[in-house]
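Working notes, beginning with the structure itself.
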Amino acid sequence: MTIKFQPLLAVSLLCAGLATAVPAISLADVYVIANSSATVSAGDIKDIFLGEKQLSGSTKLVPVDNSAAQAEFLTKVLQLDSAKYDSLWTKKSFRDGVNPPAVKASDADVINAVKASPGGVGYITSAPPAGVTVVKKF
Amino acid sequence: MNCLNWTQWPRHGRSAALATLLALGLSAGAAHADITSGLPIHGFLDTYYGYTNEVNDPRGDSGFHLGTLDLYLNPQITDRVRSLAEFVVEFDDWYGNGQSAVDVERLQIGYQLTDGLTIWMGRFHTPYGWWNTAYHHGAEIQPSVLRPQFIAFEDHGGILPAHTDGLWASGHQDMGSLGRVTYDLYMGNGSRTLVDDGISSGPKYAGQLDMNNGGDDNWQTAVGFRAGYEFRGGPLDSLWVGLHGLREEVVTYDPALASNPISDSYNGGIAASLVQMLGGFAHWTPGNWEWMGEYYGFNNHAYVHPGVESPVGHTSSAWYAQGSYTFRGQYSPYARYEKTSFSQQDDYFYYMQGGQSYSRSLIGLRYDINPQTAVKIDGGHTNATTNGGQSYNEAHFQLAVRF
């Protein structure tokens with residue numbers, strides 16, 4: 001039996017395939033991690049990454065962004081898009097003299113930064129290593 | 001704003017300033033850089049076209065204008081000590097001669113005691129109302145082309161000090177999930193005004209409020225506060241509402257007069273006023289709406305003799321309300337109404353450049369080309385005929401960016 005190529009059928013099948021594939025695309029898990037000496041609760045995460053909370057006891061909190069996972073973090077954790085996030089930080093920086101989080105390029109860079117600073121707080125999409133505290137998994 | 005006249009700088013001074021600004025500008029791309037690898041620089045830039053049919057155009061509003069180049073940086077000195085420095089390059093087109101000038105807008109050093117309290121010292125944006133600390137020279141984040149007239153900068157006819165040189169305690173106290181109380185308390189050099197004599201002060205500074213950055217002229221400290229409540233969650237989420245107040249003695253000087261009744265006490269002043277302002281403000285962003293408004297009530301007293309206030313107060317008021325709605329995330333039509341009623345029996349307003357009563361209706365449209373670039377166009381009608389002023393129309397088109 002030979003099967004003739006039918007463009008209309010092929011396009012239909014392709015569209016159907018894409019349509020069914022879309023729900024399968026989900027955002028990766030996001031782990032918010034902190035230095036093991038910092039006391040951070042899940043309820044503090046939004047305030048920390050928007051500059052509203054800068055201290056944990058006597059420890060200066062040092063949030064770090066992760067360019068490789070920022071889209072997932074903003075969507076799942078802060079419920080913001082990147083434009084709104086940048087806009088909020090522009091205003092916060094201008095009004096209150098607070099600098100936005102430094103941006104790291106990868107999970108590994110974030111983990112190193114969080115381990116290196118007593119107030120380090122970051123987020124990653126890979127399984128958290130030993131030596132950091134998982135604040136919350138989203 | 002006590003601008004430094006660019007042409008009065010020595011040549012090497014101008015070169016040094018330009019080199020500094022250039023260096024700051026070259027670093028501007030590091031807005032989110034690692035704090036260990038450099039100093040983040042941020043900034044705003046705007047330019048606009050204005051038209052008015054006001055007779056003689058006394059503010060020089062018609063034509064193309066270079067707006068401002070605003071550069072600011074927030075050096076984090078230690079975990080608790082941080083600073084904020086802001087420089088503005090602008091043109092003195094309002095009552096000026098069109099020369100460029102460099103302003104040190106803010107120069108403040110702060111110590112953060114807790115998340116809820118930071119003590120600042122230096123020159124800062126005076127914390128009253130919403131607009132002055134929220135937007136100031138940040139044209140791109142400002143919803144309209146220009147500020148409400150009565151809270152304009154000191155050298156643009158504003159009737160309050162937009163800047164203060166002194167001490168400022170600022171913070172907030174969380175109230176659980178309901179919201180938080182915000183508070184600002186400040187003290188600094190009291191302001192003064194200069195009357196034009198055509199020689200000593202020159203028309204550029206006639207009637208401008210001078211916030212005495214170089215030291216207080218009369219040793220009378222200005223004190224003020226802003227206290228509010230910011231709702232978080234619920235139907236009033238994002239609403240910030242509060243009260244503000246300011247009290248200071250303001251002396252008016254006329255260098256042309258050799259003698260006057262209070263010269264002994266006020267070092268050559270021809271008038272002195274106890275300025276007492278109390279008012280309120282609100283800002284709210286429900287959904288795609290943005291609402292804001294500010295009210296300022298004055299009960300000022302003249303000094304009839306050194307240290308003796310007149311029992312008769314002069315009451316004045318000023319307010320504005322503005323609303324806008326954002327469509328498709330980019331189009332934001334807006335409307336604003338401003339109204340002032342300034343007593344001309346009050347020396348404070350009588351001698352002040354912007355001390356004439358007026359009302360203004362304004363409509364406009366803001367279009368965000370991208371998150372860093374905005375185009376704004378607006379048109380308004382101003383009626384300032386109460387004290388012999390004019391009634392006129394004006395329009396503006398502005399291009400503003402942030403980086």
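Letters A, B, ... mark the chains of the structure tokens in the order given; residue numbers begin at 1 per chain; ligand numbers begin at 1, in order shown.
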Report as a Markdown table: every residue of chain B with an atom at most 10 Å from chain A, its closest pair of atoms, and their distance in Å to one decimal, counting only C-alpha atoms, with rows sorted by chain and ascending residue number.
| residue | atom | partner | partner_atom | distance |
| --- | --- | --- | --- | --- |
| B:Ala30 | CA | A:Ala102 | CA | 9.8 |
| B:Ala31 | CA | A:Pro100 | CA | 7.8 |
| B:His32 | CA | A:Ala102 | CA | 5.3 |
| B:Ala33 | CA | A:Ala102 | CA | 5.4 |
| B:Asp34 | CA | A:Ala102 | CA | 4.4 |
| B:Ile35 | CA | A:Ala102 | CA | 6.4 |
| B:Thr36 | CA | A:Ala102 | CA | 9.0 |
| B:Ser37 | CA | A:Ala102 | CA | 9.8 |
| B:Leu39 | CA | A:Asn99 | CA | 9.6 |
| B:Pro40 | CA | A:Asn99 | CA | 7.6 |
| B:Ile41 | CA | A:Asn99 | CA | 9.5 |
| B:His42 | CA | A:Thr90 | CA | 8.1 |
| B:Gly43 | CA | A:Phe94 | CA | 8.8 |
| B:Leu71 | CA | A:Phe94 | CA | 9.9 |
| B:Tyr72 | CA | A:Phe94 | CA | 7.5 |
| B:Leu73 | CA | A:Gly97 | CA | 7.7 |
| B:Asn74 | CA | A:Gly97 | CA | 5.3 |
| B:Pro75 | CA | A:Gly97 | CA | 8.3 |
| B:Gln76 | CA | A:Asn99 | CA | 8.1 |
| B:Thr78 | CA | A:Lys60 | CA | 9.4 |
| B:Asp79 | CA | A:Lys60 | CA | 5.7 |
| B:Arg80 | CA | A:Lys60 | CA | 7.7 |
| B:Arg82 | CA | A:Gly97 | CA | 7.6 |
| B:Ser83 | CA | A:Gly97 | CA | 6.8 |
| B:Leu84 | CA | A:Gly97 | CA | 5.6 |
| B:Ala85 | CA | A:Gly97 | CA | 8.8 |
| B:Glu86 | CA | A:Phe94 | CA | 9.2 |
| B:Gln108 | CA | A:Gly97 | CA | 9.4 |
| B:Ile109 | CA | A:Gly97 | CA | 9.7 |
| B:Gly110 | CA | A:Gly97 | CA | 9.2 |
| B:Gln112 | CA | A:Leu55 | CA | 9.3 |
| B:Leu113 | CA | A:Leu55 | CA | 9.6 |
| B:Thr114 | CA | A:Leu55 | CA | 7.0 |
| B:Asp115 | CA | A:Lys53 | CA | 6.0 |
| B:Gly116 | CA | A:Lys53 | CA | 8.7 |
| B:Thr118 | CA | A:Asp96 | CA | 9.8 |
| B:His125 | CA | A:Arg95 | CA | 8.9 |
| B:Asn132 | CA | A:Arg95 | CA | 9.9 |
| B:Thr133 | CA | A:Arg95 | CA | 6.3 |
| B:Ala134 | CA | A:Arg95 | CA | 6.3 |
| B:Tyr135 | CA | A:Arg95 | CA | 8.0 |
| B:His136 | CA | A:Arg95 | CA | 9.1 |
| B:His137 | CA | A:Phe94 | CA | 9.8 |
| B:Gly138 | CA | A:Phe94 | CA | 8.2 |
| B:Ile141 | CA | A:Lys91 | CA | 7.6 |
| B:Ser170 | CA | A:Asp96 | CA | 9.4 |
| B:His172 | CA | A:Glu52 | CA | 9.8 |
| B:Asn370 | CA | A:Ala83 | CA | 8.9 |
| B:Pro371 | CA | A:Ala83 | CA | 6.0 |
| B:Gln372 | CA | A:Ser87 | CA | 8.4 |
| B:Arg402 | CA | A:Thr90 | CA | 8.6 |
| B:Phe403 | CA | A:Thr90 | CA | 8.8 |
Preceding selection exported with C-alpha atoms as a PDB file, in the first residue's frame:
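Output (again07.pdb):
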ATOM      1  CA  ALA B  30      25.915  48.300  33.901  1.00  0.00           C
ATOM      2  CA  ALA B  31      22.521  48.873  35.512  1.00  0.00           C
ATOM      3  CA  HIS B  32      22.289  45.303  36.739  1.00  0.00           C
ATOM      4  CA  ALA B  33      25.988  44.574  36.954  1.00  0.00           C
ATOM      5  CA  ASP B  34      27.432  42.660  39.828  1.00  0.00           C
ATOM      6  CA  ILE B  35      28.028  45.148  42.632  1.00  0.00           C
ATOM      7  CA  THR B  36      31.525  43.791  43.039  1.00  0.00           C
ATOM      8  CA  SER B  37      32.495  44.633  39.468  1.00  0.00           C
ATOM      9  CA  LEU B  39      29.217  51.067  40.160  1.00  0.00           C
ATOM     10  CA  PRO B  40      25.761  50.914  38.567  1.00  0.00           C
ATOM     11  CA  ILE B  41      24.707  54.117  36.843  1.00  0.00           C
ATOM     12  CA  HIS B  42      21.166  54.933  35.857  1.00  0.00           C
ATOM     13  CA  GLY B  43      19.676  57.855  34.036  1.00  0.00           C
ATOM     14  CA  LEU B  71      22.450  60.602  35.860  1.00  0.00           C
ATOM     15  CA  TYR B  72      22.240  59.005  39.266  1.00  0.00           C
ATOM     16  CA  LEU B  73      24.181  56.355  41.112  1.00  0.00           C
ATOM     17  CA  ASN B  74      23.709  54.521  44.372  1.00  0.00           C
ATOM     18  CA  PRO B  75      27.063  53.564  45.863  1.00  0.00           C
ATOM     19  CA  GLN B  76      26.574  50.926  48.564  1.00  0.00           C
ATOM     20  CA  THR B  78      28.789  49.060  53.605  1.00  0.00           C
ATOM     21  CA  ASP B  79      25.937  46.745  54.532  1.00  0.00           C
ATOM     22  CA  ARG B  80      24.233  49.612  56.338  1.00  0.00           C
ATOM     23  CA  ARG B  82      24.528  53.703  51.219  1.00  0.00           C
ATOM     24  CA  SER B  83      24.584  56.908  49.234  1.00  0.00           C
ATOM     25  CA  LEU B  84      22.786  58.517  46.356  1.00  0.00           C
ATOM     26  CA  ALA B  85      24.231  61.092  43.980  1.00  0.00           C
ATOM     27  CA  GLU B  86      22.262  62.625  41.136  1.00  0.00           C
ATOM     28  CA  GLN B 108      22.870  62.141  50.289  1.00  0.00           C
ATOM     29  CA  ILE B 109      24.391  59.540  52.552  1.00  0.00           C
ATOM     30  CA  GLY B 110      22.181  57.213  54.520  1.00  0.00           C
ATOM     31  CA  GLN B 112      19.909  51.929  57.384  1.00  0.00           C
ATOM     32  CA  LEU B 113      18.973  51.141  60.966  1.00  0.00           C
ATOM     33  CA  THR B 114      16.331  48.572  60.050  1.00  0.00           C
ATOM     34  CA  ASP B 115      14.245  47.619  57.036  1.00  0.00           C
ATOM     35  CA  GLY B 116      11.814  50.213  58.290  1.00  0.00           C
ATOM     36  CA  THR B 118      16.911  54.866  57.116  1.00  0.00           C
ATOM     37  CA  HIS B 125      14.084  65.433  47.250  1.00  0.00           C
ATOM     38  CA  ASN B 132       8.104  65.140  44.024  1.00  0.00           C
ATOM     39  CA  THR B 133       9.757  61.967  45.259  1.00  0.00           C
ATOM     40  CA  ALA B 134       8.156  59.556  42.785  1.00  0.00           C
ATOM     41  CA  TYR B 135       9.183  61.212  39.509  1.00  0.00           C
ATOM     42  CA  HIS B 136      11.208  64.392  39.998  1.00  0.00           C
ATOM     43  CA  HIS B 137      13.610  64.609  37.011  1.00  0.00           C
ATOM     44  CA  GLY B 138      12.683  61.136  35.795  1.00  0.00           C
ATOM     45  CA  ILE B 141       8.654  57.464  34.474  1.00  0.00           C
ATOM     46  CA  SER B 170      12.388  57.635  56.068  1.00  0.00           C
ATOM     47  CA  HIS B 172       7.750  52.074  56.914  1.00  0.00           C
ATOM     48  CA  ASN B 370       9.154  50.050  24.522  1.00  0.00           C
ATOM     49  CA  PRO B 371       9.742  49.717  28.275  1.00  0.00           C
ATOM     50  CA  GLN B 372      12.534  52.309  28.127  1.00  0.00           C
ATOM     51  CA  ARG B 402      15.592  55.799  30.637  1.00  0.00           C
ATOM     52  CA  PHE B 403      18.696  53.678  30.806  1.00  0.00           C
TER      53      PHE B 403
END
Legend entry - Spatial neighbours of Val132 in chain A, 8 Å, only C-alpha atoms, chain gap at least 2 places, as a list in words: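 Once the adjacent positions are removed, what remains is Ile33, Ala34, Asn35, Ser36, Ile111, Val114, Lys115, Pro128, Pro129, Ala130 and Val134 of chain A.
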Apply DSSP to the backbone of this structure and, from range 47-118 of chain A, keep only the residues in strand (DSSP E or B); write these as a short mmCIF file (atom, residue, chain, number, x, y, z; two decimals) with N, CA and C atoms, in the first residue's frame.
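Once written, result14.cif looks like this:
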data_model
loop_
_atom_site.label_atom_id
_atom_site.label_comp_id
_atom_site.auth_asym_id
_atom_site.auth_seq_id
_atom_site.Cartn_x
_atom_site.Cartn_y
_atom_site.Cartn_z
N LEU A 55 17.29 43.42 55.05
CA LEU A 55 17.99 42.91 56.22
C LEU A 55 17.28 41.68 56.77
N SER A 56 18.09 40.76 57.29
CA SER A 56 17.56 39.63 58.04
C SER A 56 18.31 39.64 59.36
N THR A 59 21.97 40.70 59.29
CA THR A 59 22.59 40.29 58.02
C THR A 59 22.00 41.05 56.84
N LYS A 60 22.88 41.60 56.03
CA LYS A 60 22.44 42.28 54.81
C LYS A 60 22.10 41.23 53.76
N VAL A 62 21.48 39.77 50.13
CA VAL A 62 22.06 40.06 48.82
C VAL A 62 21.37 39.17 47.78
N PRO A 63 20.25 39.64 47.22
CA PRO A 63 19.58 38.84 46.20
C PRO A 63 20.37 38.86 44.89
N VAL A 64 20.33 37.76 44.19
CA VAL A 64 20.98 37.70 42.87
C VAL A 64 19.98 37.13 41.87
N ASP A 65 19.93 37.77 40.70
CA ASP A 65 19.07 37.28 39.63
C ASP A 65 19.82 36.24 38.81
N ASN A 66 19.06 35.43 38.11
CA ASN A 66 19.61 34.34 37.30
C ASN A 66 19.04 34.48 35.90
N ALA A 102 22.23 41.87 41.43
CA ALA A 102 23.20 41.54 40.39
C ALA A 102 22.68 40.35 39.60
N VAL A 103 23.03 40.30 38.33
CA VAL A 103 22.54 39.24 37.46
C VAL A 103 23.64 38.21 37.21
N LYS A 104 23.35 36.96 37.51
CA LYS A 104 24.28 35.87 37.21
C LYS A 104 23.77 35.11 35.98
#
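The smallest atom-to-atom distance between Phe73 in chain A and any of A:Val30, A:Ala116, A:Ala127, A:Val135, using only C-alpha atoms, is found for A:Val30.
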Legend entry - Pairwise distance for CA of Asp29 in chain A and CA of Thr75 in chain A, rounded to one decimal in Å: 11.4 Å
Inset, instruction - Write out as a ChimeraX atom specification which residues come within 9 Å of Thr373 in chain B when counting only C-alpha atoms, dropping same-chain ones fewer than 2 positions away. - result: /B:140,367-371,375,399-402
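Distances from A:Val77, A:Ile48, A:Ala38, A:Leu88 to Pro118 in chain A were compared using only C-alpha atoms, and the smallest one belongs to A:Ala38.
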Legend entry - Within 6 Å of range 292-303 of chain B using only C-alpha atoms, minus same-chain residues under 6 positions, as a list in words: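 That gives Gly129, Ala272, Ser273, Leu274, Val275, Gln276, Met277, Leu278, Gly279, Gly280, Phe281, Ala282, His283, Glu309, Ser310, Gly313, His314, Thr315, Ser316, Ser317, Ala318, Trp319, Tyr320, Ala321 and Gln322 of chain B.
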Could you dump the residues just selected with N, CA and C atoms as a PDB file, in the first residue's frame?
ATOM      1  N   GLY B 129       3.839  65.009  49.362  1.00  0.00           N
ATOM      2  CA  GLY B 129       2.978  64.520  48.300  1.00  0.00           C
ATOM      3  C   GLY B 129       3.501  63.256  47.652  1.00  0.00           C
ATOM      4  N   ALA B 272       9.477  88.878  55.825  1.00  0.00           N
ATOM      5  CA  ALA B 272       9.715  87.537  56.358  1.00  0.00           C
ATOM      6  C   ALA B 272       8.377  86.904  56.680  1.00  0.00           C
ATOM      7  N   SER B 273       8.257  85.655  56.362  1.00  0.00           N
ATOM      8  CA  SER B 273       6.992  84.949  56.563  1.00  0.00           C
ATOM      9  C   SER B 273       7.223  83.641  57.290  1.00  0.00           C
ATOM     10  N   LEU B 274       6.287  83.328  58.176  1.00  0.00           N
ATOM     11  CA  LEU B 274       6.247  81.995  58.744  1.00  0.00           C
ATOM     12  C   LEU B 274       5.324  81.177  57.843  1.00  0.00           C
ATOM     13  N   VAL B 275       5.906  80.220  57.138  1.00  0.00           N
ATOM     14  CA  VAL B 275       5.144  79.407  56.189  1.00  0.00           C
ATOM     15  C   VAL B 275       4.718  78.121  56.888  1.00  0.00           C
ATOM     16  N   GLN B 276       3.421  77.874  56.893  1.00  0.00           N
ATOM     17  CA  GLN B 276       2.887  76.668  57.529  1.00  0.00           C
ATOM     18  C   GLN B 276       1.986  75.958  56.517  1.00  0.00           C
ATOM     19  N   MET B 277       2.435  74.816  56.048  1.00  0.00           N
ATOM     20  CA  MET B 277       1.671  74.053  55.062  1.00  0.00           C
ATOM     21  C   MET B 277       1.210  72.740  55.676  1.00  0.00           C
ATOM     22  N   LEU B 278      -0.034  72.403  55.444  1.00  0.00           N
ATOM     23  CA  LEU B 278      -0.578  71.108  55.850  1.00  0.00           C
ATOM     24  C   LEU B 278      -1.495  70.629  54.732  1.00  0.00           C
ATOM     25  N   GLY B 279      -1.349  69.386  54.361  1.00  0.00           N
ATOM     26  CA  GLY B 279      -2.174  68.890  53.261  1.00  0.00           C
ATOM     27  C   GLY B 279      -2.240  67.381  53.239  1.00  0.00           C
ATOM     28  N   GLY B 280      -2.663  66.859  52.105  1.00  0.00           N
ATOM     29  CA  GLY B 280      -2.793  65.415  51.974  1.00  0.00           C
ATOM     30  C   GLY B 280      -2.514  64.984  50.548  1.00  0.00           C
ATOM     31  N   PHE B 281      -2.408  63.681  50.364  1.00  0.00           N
ATOM     32  CA  PHE B 281      -2.098  63.153  49.035  1.00  0.00           C
ATOM     33  C   PHE B 281      -2.639  61.734  48.915  1.00  0.00           C
ATOM     34  N   ALA B 282      -2.775  61.279  47.697  1.00  0.00           N
ATOM     35  CA  ALA B 282      -3.185  59.894  47.447  1.00  0.00           C
ATOM     36  C   ALA B 282      -2.647  59.452  46.099  1.00  0.00           C
ATOM     37  N   HIS B 283      -2.330  58.176  46.007  1.00  0.00           N
ATOM     38  CA  HIS B 283      -1.919  57.571  44.733  1.00  0.00           C
ATOM     39  C   HIS B 283      -2.457  56.154  44.712  1.00  0.00           C
ATOM     40  N   GLU B 309       5.385  87.525  65.193  1.00  0.00           N
ATOM     41  CA  GLU B 309       4.493  87.169  64.092  1.00  0.00           C
ATOM     42  C   GLU B 309       3.248  88.038  64.127  1.00  0.00           C
ATOM     43  N   SER B 310       2.735  88.316  62.970  1.00  0.00           N
ATOM     44  CA  SER B 310       1.428  88.955  62.896  1.00  0.00           C
ATOM     45  C   SER B 310       0.375  87.944  63.339  1.00  0.00           C
ATOM     46  N   GLY B 313      -3.326  85.572  59.953  1.00  0.00           N
ATOM     47  CA  GLY B 313      -2.777  84.627  59.001  1.00  0.00           C
ATOM     48  C   GLY B 313      -3.374  84.824  57.619  1.00  0.00           C
ATOM     49  N   HIS B 314      -2.649  84.388  56.625  1.00  0.00           N
ATOM     50  CA  HIS B 314      -3.137  84.438  55.246  1.00  0.00           C
ATOM     51  C   HIS B 314      -3.281  82.994  54.766  1.00  0.00           C
ATOM     52  N   THR B 315      -4.479  82.643  54.372  1.00  0.00           N
ATOM     53  CA  THR B 315      -4.702  81.270  53.937  1.00  0.00           C
ATOM     54  C   THR B 315      -4.659  81.184  52.418  1.00  0.00           C
ATOM     55  N   SER B 316      -4.068  80.118  51.953  1.00  0.00           N
ATOM     56  CA  SER B 316      -3.978  79.852  50.515  1.00  0.00           C
ATOM     57  C   SER B 316      -4.088  78.347  50.317  1.00  0.00           C
ATOM     58  N   SER B 317      -4.321  77.954  49.092  1.00  0.00           N
ATOM     59  CA  SER B 317      -4.420  76.516  48.830  1.00  0.00           C
ATOM     60  C   SER B 317      -3.999  76.206  47.400  1.00  0.00           C
ATOM     61  N   ALA B 318      -3.640  74.954  47.193  1.00  0.00           N
ATOM     62  CA  ALA B 318      -3.284  74.471  45.859  1.00  0.00           C
ATOM     63  C   ALA B 318      -3.562  72.975  45.812  1.00  0.00           C
ATOM     64  N   TRP B 319      -4.057  72.506  44.670  1.00  0.00           N
ATOM     65  CA  TRP B 319      -4.301  71.074  44.540  1.00  0.00           C
ATOM     66  C   TRP B 319      -4.311  70.667  43.070  1.00  0.00           C
ATOM     67  N   TYR B 320      -4.115  69.388  42.853  1.00  0.00           N
ATOM     68  CA  TYR B 320      -4.303  68.821  41.514  1.00  0.00           C
ATOM     69  C   TYR B 320      -4.851  67.412  41.661  1.00  0.00           C
ATOM     70  N   ALA B 321      -5.475  66.956  40.613  1.00  0.00           N
ATOM     71  CA  ALA B 321      -5.925  65.561  40.534  1.00  0.00           C
ATOM     72  C   ALA B 321      -5.650  65.069  39.123  1.00  0.00           C
ATOM     73  N   GLN B 322      -5.160  63.853  38.992  1.00  0.00           N
ATOM     74  CA  GLN B 322      -4.827  63.316  37.676  1.00  0.00           C
ATOM     75  C   GLN B 322      -5.249  61.859  37.599  1.00  0.00           C
TER      76      GLN B 322
END
Legend entry - Close residues, range 208-213 of chain B itself excluded, 10 Å, only C-alpha atoms, min 6 positions apart in chain, as a ChimeraX atom specification: /B:1-2,122-123,153-166,188-196,222,250,252,348,351-355
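Closest to Thr221 in chain B among B:Trp289, B:Tyr331, B:Tyr253, B:Tyr186 is B:Tyr186, based on only C-alpha atoms.
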Inset, instruction - Extract the full set of helix (DSSP H, G or I) residues from range 62-226 of chain B according to DSSP on the backbone, and format it as JSON, numbers by chain. - result: {"B": [131, 132, 133, 134, 149, 150, 151, 154, 155, 156, 203, 204, 205]}
Legend entry - Selection near Tyr31 in chain A, 7 Å with only C-alpha atoms, sequence-local residues under 6 positions removed, as a PyMOL selection string: chain A and resi 123-125+134+136-138
Could you write out the selected residues, including C-alpha atoms, as a short mmCIF file (atom, residue, chain, number, x, y, z; two decimals), in the first residue's frame?
data_model
loop_
_atom_site.label_atom_id
_atom_site.label_comp_id
_atom_site.auth_asym_id
_atom_site.auth_seq_id
_atom_site.Cartn_x
_atom_site.Cartn_y
_atom_site.Cartn_z
CA TYR A 123 16.91 31.00 42.46
CA ILE A 124 17.82 28.04 40.28
CA THR A 125 16.05 25.44 38.17
CA VAL A 134 15.95 25.78 50.07
CA LYS A 136 10.74 27.21 48.75
CA LYS A 137 10.20 25.17 45.60
CA PHE A 138 7.77 26.70 43.07
#
Inset, instruction - Find the spatial neighbours of Asp237 in chain B, counting only C-alpha atoms, within a cut-off of 10 Å - ignore same-chain residues fewer than 3 positions away - and output them as a list in words. - result: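 So, after excluding close chain neighbours, the residues are Leu178, Gly179, Glu230, Phe231, Arg232, Gly233, Gly234, Trp240, Trp284, Thr285, Pro286 and Gly287 of chain B.
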